[in-house]
Every structure is written in C-alpha cells, then in structure tokens.
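Beneath this line is the structure, given in structure tokens, with notes to follow.
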Amino acid sequence: MSRVVTWRAALVFAVLAALPGVPGISQYSLLLAFDALLFGAIAMSLDLLIGYTGLVSFGHAAFYGLGAYATAIVLERGVLSLWACLGAAVLVVGAYALVVSYFATARRGIYFALLTLIFAEVVYTFFRYTQTFGGSDGIQGLPDARLWPGAAIDTPLRKYYLVLTYLALAYAVCRLVVTSHFGRVLVAIRENEDRARFLGYSVQRYKMAICMISALLTGLAGAIYPMRSAFATPDLMLWTESGEFIISVMIGGLGTLVGPVIGGAFFTILRDKVSSYVDWYFIVIGVVLIVIVLFMPRGLLGFRRLLGFKQWRATA
Amino acid sequence: MARDGVVLEVEAVSKSFGALAALTDVSLAVREGEVFSVIGPNGAGKSTLFNVVSGLYAPSAGRVRLHGREITGLAPEAINRLGVAKTFQITNVFPEISVGENVRVAAQSRARESGRLASLWRRSDVDARVGELLGPFGLAAKRDELAENLAHGEQRYLEICLALATEPTLLLLDEPTAGMTPGETKDATRLIREVARRRGLTLLLIEHDMSVVMGISDRVAVLHFGEKIAEGPPDAIRNDPKVIEAYLGGGED
C-alpha cells in the first residue's frame, strides 16, 4: 500500500507544483494558495496528535506563533537567511514544546487539552503585553527572507514554492513516522493506552516524542508565515487559532494526514471566499462545518469510502 | 537471594485502599515451568494480587521478586520488559485496528528498534512472528478483521496472543475463560496448557471456576478476604475443610 500512497502523493504534489502555470492565475490566488497549504500543513502536524495518538492539543497556536515570532525577530535584526529563521524557530519552539509536552502528557484526556491551552494562553499574554516585541501590534514590515544571498523569496510565486516544498517535506516526515514502528505504538496508545503499557511501552515517552514532532512541524510552518505576510502578531497565538486547526483536522478526516491538509485548505479558502462577500462570514462557515460534522462524521476524506476504499482510517 | 527454580516470589505483600485491606500478608513462590493458580470467591483479592505483581499498584507492604530481582513498585511497562505479561479479565485489546495489527504492535515491542530513535523511521519485521502467534489460536484467517468484530471467545484468544507476543517467561492469566461456554472453556484450557508447555512458560492463573483450575494446575493457593488460607496440590485443596468452608460457607463466621 505504501508504494501506492507514495505515487499518489507524488502526483498530487506534481499537480500543485504546476498550479502557478494555470493561464491567468492571479498573484492573489497564489497567496491564497500559500495560506491554504500552510494551514493544511499545520492541520496535518496536529493530526499526528489527534488522529493517530488520540491527544487533543488546544495549544498549537502557540507553536505556530512562536515560530512566526522567531522569524520576525531574526528578520528584524537584518539577518535575512531563511535557514537562520528556521533554525531560530526550531530552538524556540523546541524549548517551549519540551516544557509543555512534559507537563501535558503527564495527564490524560481533557486535562491534556486544558494544559496545552493554558500554556498557550500564557505565551499569548506574554507577547500581547510585552512592548519589546511590539505588544498587540506585533512586529510589522519585515523584509523578505533569502534562500541564499541574492536569492530573495520576494514574489508570490517563490513564496508559493517555499510553502509547497515545506508541505512536501513535512508530509514525508509524517508519513514515515506514522508507518514506522513508532507510529504503530501511537495507534495502540490511541486505542488503549493502558494495554500499551502492559506490552512494555513507556506511553508517556511516546506521547512526549510525538508532541515534540508535531510542535516542531507546526513551529516551522509558523516560521514560514511571516515570509509571506511580513508580520508576526500575538493574534496568531490566540486560542481561536488553535480551535481552527482542530476544526480543520476534523473536517478533513482524523488519522489520515491527507484529510487534514484538505480540511485546512478548504477552511482557508472557504473563509476567504465567504468573507469577501459578507461580514458575518463566520455564521456561513459555521453552518458548513456543522453540516460536515453531522453528515460526514469521517470528514471530507471519509468520502473515499464511497469510492471503494475499505478502510477510512490508518491502522498502520 | 533467589531460591533455585523460583520465578516469582511474593513476600508478605499487603495492599489496602483506605480502610479496606484487599490483601493481608500474602506470600507465595511460583517455580519455573509450573502452573500455579490462585483461587478464591469474588472479592478475595485475586485481581489485586495480580495488579501488584504486574505493577499497576505498589503494595502497601511486602516485596515482589522476579528471578531473585526485586520488582516491587516498578511500572507495568518495566515489569513487562523483564518478562512478565498479563492478560485481563475483561477483554482489553485494541478495538479499532485489525487482529494482525494488534499482535504486530505487541510483537514489535521486543524488536531491536523498540525504544530507539530508529523506531521513528524503521518498521520492525515481525510478520512471521504474528503468524506464529495467531496460528495456534485459530485466528490466522481473521488477521484482517477489526478486533472489535471478533466473537467473544476469539477476543479472549487475541488477549492471550498479545501477552505471548511480548515473549514473557511468566504469564499472568486473569480468568482466561471468563464468559466462555463449558465447551469453549475446555478447549481453551487445553490450548493454554499446550502453548505454555511448548514455550516453556511459567503460568500464574487466577480463576474462580474450580473445574478449570483443578484440571491444569500443579499447585493452587486459595485467597479468602485478602488472606491466603491454603496452598498445595489440587487434590489436597479440593478436600481442605477451610477451602470448602470459604466456598460454601460464605459469611464472616
């Protein structure tokens, strides 16, 4: 099955790579595609926790926002290297995620969710009220990052390819992890964590490890965001943002990786389209989401089943 | 410290939950290769004893040793890695994954990659072992079924497969035939005995069904209100007045 998945994924990425070649595609559409794929990548990283391990994190916005601030601070100091930004994000998000995952994985279920939420709110509040980092305005007007000296990531096309590359690499990492020895243990933890302990698995260590992986992937996505927006604000860390990540995973299909990518992209595009027509767009989005949750409990990807796929959720 | 051939030594173990004394000063020694059963009426403390041995509870007093090594108060995963596996009285499998995947995740816990960084990208090749485990229990044909869709008896067998997959030297079976019909119970008992002999396993069994115990045990200990009231070969136990009293008499007198 894994070879089929690889080929199918390669095909999808080839199509996405060809997207900018569509005649008459606007710069605006490319930037919207950037947002959609970035949101999808984050939902995919969160799926490692929710869909595979059964851990609902309500604090992923903090990893995302910290990654964005890491980039903003590096760029603001005149260091324009993409690699410096990503490196800074890994350090900052990694250090924070180590603390959060250590404490949060010590508790289960709703307590895990609440601990991730509380930690994230602390981070939000810190950035919201610390003037060094711009308070509620955040850090604005950032210069474009460079892939190497002279190669600025300055056009929507280049930005689009940046996020597409990130998504492809993140997907490869997620795919590798969920189909590995380690990934099987995650599914066992989701299904019955007590039993997993009696099979010799140190459940908390597995949970911590997957929290770290998910957090770092989300942090890297956050580090890429200011390269398109040219800002980082505390709103990126707001708990509603975490909620939107969770919604994207749900509407895409838990435990499928690809589903959450579609869910995140769908959510982003829906919000963009509806909000350009009406101010009360969130009501429209809410109705669409309710319909999906009620009538497609397995998410958008659950439709696969109608197309003859036997198993809707990864059992790897 | 280890006496020759003793696999598990429970020494003066007590466990209380608040004011309730679930176990009082219980000692027993299980020898290599034997089938040792613990029986007693409901509420006698049998499951508590298992939970202490397997690491779910730390005892309030006393020690537990495995091959002479103290394991008192270790976590379940640590005790499992030392070679103790447990099956559960109420079926406790991974419901929404296939039978094959259930056993695979159990079997790979003893693979080289387990607990190492490489487990993040490598897969453990345990296909052959999964087949070997499922075969004797007649589950090979059900490999791709979801565990939750198995019949009750099959789930009981899967439960045993999971425990065996971790390659234990000591297997704790908590009422393995619970909920089975008399016919199934007979088959299961025979099968368990056979698998244990072939693998050179030591079995510690909890039962309240006397007929199961008498047929397969080398030695039997009887718990009553958290205390051990008798120990010996099945025939001696069957005729022990204290045991008869505990099972038939009931009450506190």
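We name chains A, B, ... following the order of the structure tokens; residues begin at 1 in each chain, and ligands are numbered from 1 as shown.
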
Contact set, chain B to chain A: 6 Å, only C-alpha atoms, as number ranges by chain: B: 76-77, 80-81, 94, 97, 106, 119-124

Going by DSSP on the backbone, which residues of stretch 3-142 of chain B come out as strand (DSSP E or B)? List them as a ChimeraX atom specification. /B:6-17,20-31,35-39,61-66,69-70,84-87,98

What lies within 12 Å of A:Leu216 using only C-alpha atoms, ignoring chain neighbours under 2 positions off, as a PyMOL selection string? chain A and resi 41-42+45-46+48+60+62-67+86-98+101+170+173-174+209-214+218-223

Selection near B:His224, 7 Å with only C-alpha atoms, sequence-local residues under 2 positions removed, as a PyMOL selection string: chain B and resi 40-41+44+222+226-229+246

Save out the residues we just selected, N, CA and C atoms, as a PDB file, in the first residue's frame.
```pdb
ATOM      1  N   GLY B  40     -10.318 -18.265  44.710  1.00  0.00           N
ATOM      2  CA  GLY B  40     -10.988 -17.645  45.850  1.00  0.00           C
ATOM      3  C   GLY B  40     -12.286 -17.043  45.385  1.00  0.00           C
ATOM      4  N   PRO B  41     -13.225 -16.864  46.319  1.00  0.00           N
ATOM      5  CA  PRO B  41     -14.514 -16.276  45.944  1.00  0.00           C
ATOM      6  C   PRO B  41     -14.326 -14.843  45.442  1.00  0.00           C
ATOM      7  N   ALA B  44     -11.961 -11.759  46.884  1.00  0.00           N
ATOM      8  CA  ALA B  44     -10.953 -12.355  47.755  1.00  0.00           C
ATOM      9  C   ALA B  44      -9.596 -11.664  47.649  1.00  0.00           C
ATOM     10  N   VAL B 222      -5.233 -20.534  47.815  1.00  0.00           N
ATOM     11  CA  VAL B 222      -6.599 -20.051  47.997  1.00  0.00           C
ATOM     12  C   VAL B 222      -6.582 -18.753  48.796  1.00  0.00           C
ATOM     13  N   GLY B 226      -8.691 -11.580  51.314  1.00  0.00           N
ATOM     14  CA  GLY B 226      -7.358 -10.982  51.228  1.00  0.00           C
ATOM     15  C   GLY B 226      -6.259 -11.762  51.917  1.00  0.00           C
ATOM     16  N   GLU B 227      -6.604 -12.912  52.501  1.00  0.00           N
ATOM     17  CA  GLU B 227      -5.565 -13.700  53.153  1.00  0.00           C
ATOM     18  C   GLU B 227      -5.439 -15.056  52.486  1.00  0.00           C
ATOM     19  N   LYS B 228      -4.219 -15.582  52.489  1.00  0.00           N
ATOM     20  CA  LYS B 228      -4.035 -16.918  51.929  1.00  0.00           C
ATOM     21  C   LYS B 228      -4.414 -17.934  52.990  1.00  0.00           C
ATOM     22  N   ILE B 229      -5.396 -18.771  52.673  1.00  0.00           N
ATOM     23  CA  ILE B 229      -5.833 -19.730  53.693  1.00  0.00           C
ATOM     24  C   ILE B 229      -5.364 -21.149  53.396  1.00  0.00           C
ATOM     25  N   ALA B 246     -14.786 -21.756  52.873  1.00  0.00           N
ATOM     26  CA  ALA B 246     -14.724 -20.451  52.217  1.00  0.00           C
ATOM     27  C   ALA B 246     -15.669 -20.409  51.018  1.00  0.00           C
TER      28      ALA B 246
END
```

DSSP alpha helix (DSSP H) residues within stretch 7-228 of chain B, listed as a PyMOL selection string: chain B and resi 46-54+76-81+99-107+127-134+152-165+182-199+210-216

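Atom CA of B:Pro168 is positioned 18.9 Å from atom CA of B:Gly73.
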
Of the residues B:Val93, B:Val99, B:Ile39, B:Leu28, which is the one nearest to B:Ile206, using only C-alpha atoms?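 Smallest distance to B:Ile206 is found for B:Ile39.
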
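Excluding A:Val74 itself and same-chain residues fewer than 2 positions from it, the residues having an atom within 10 Å of it are Tyr69, Ala70, Thr71, Ala72, Glu76, Arg77, Gly78, Val79, Leu80, Ser81, Leu82, Ala84, Cys85, Leu86, Gly87, Ala88, Ala89, Leu142 and Ala145 of chain A, counting only C-alpha atoms.
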
Go through B:Ala111, B:Ala230, B:Leu191, B:Val26 and flag the residue nearest B:Ser60, using only C-alpha atoms for the distances. B:Val26

Near A:Val12, within 12 Å and counting only C-alpha atoms, which residues show up once chain neighbours fewer than 2 positions away are dropped, as a list of chain:residue names? A:Val5, A:Thr6, A:Trp7, A:Arg8, A:Ala9, A:Ala10, A:Ala14, A:Val15, A:Leu16, A:Ala17, A:Ala18, A:Leu19, A:Leu164, A:Leu167, A:Ala168, A:Tyr171, A:Val258, A:Val261, A:Ile262

What's the 7 Å shell around stretch 170-176 of chain B, counting only C-alpha atoms, without same-chain residues fewer than 2 positions away, as a list in words?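 So, after excluding close chain neighbours, the residues are Gly83, Val84, Ala85, Lys86, Thr87, Phe88, Gln89, Arg156, Pro168, Ala178, Leu201, Thr202, Leu203, Leu204, Leu205, Ile206 and Glu207 of chain B.
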
Point-to-point distance in Å for atom CA of B:Val243 and atom CA of B:Ser47: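 Distance between the two atoms: 18.6 Å.
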
What is the distance between atom CA of A:Ile118 and atom CA of A:Tyr102, in Å to one decimal? 14.0 Å
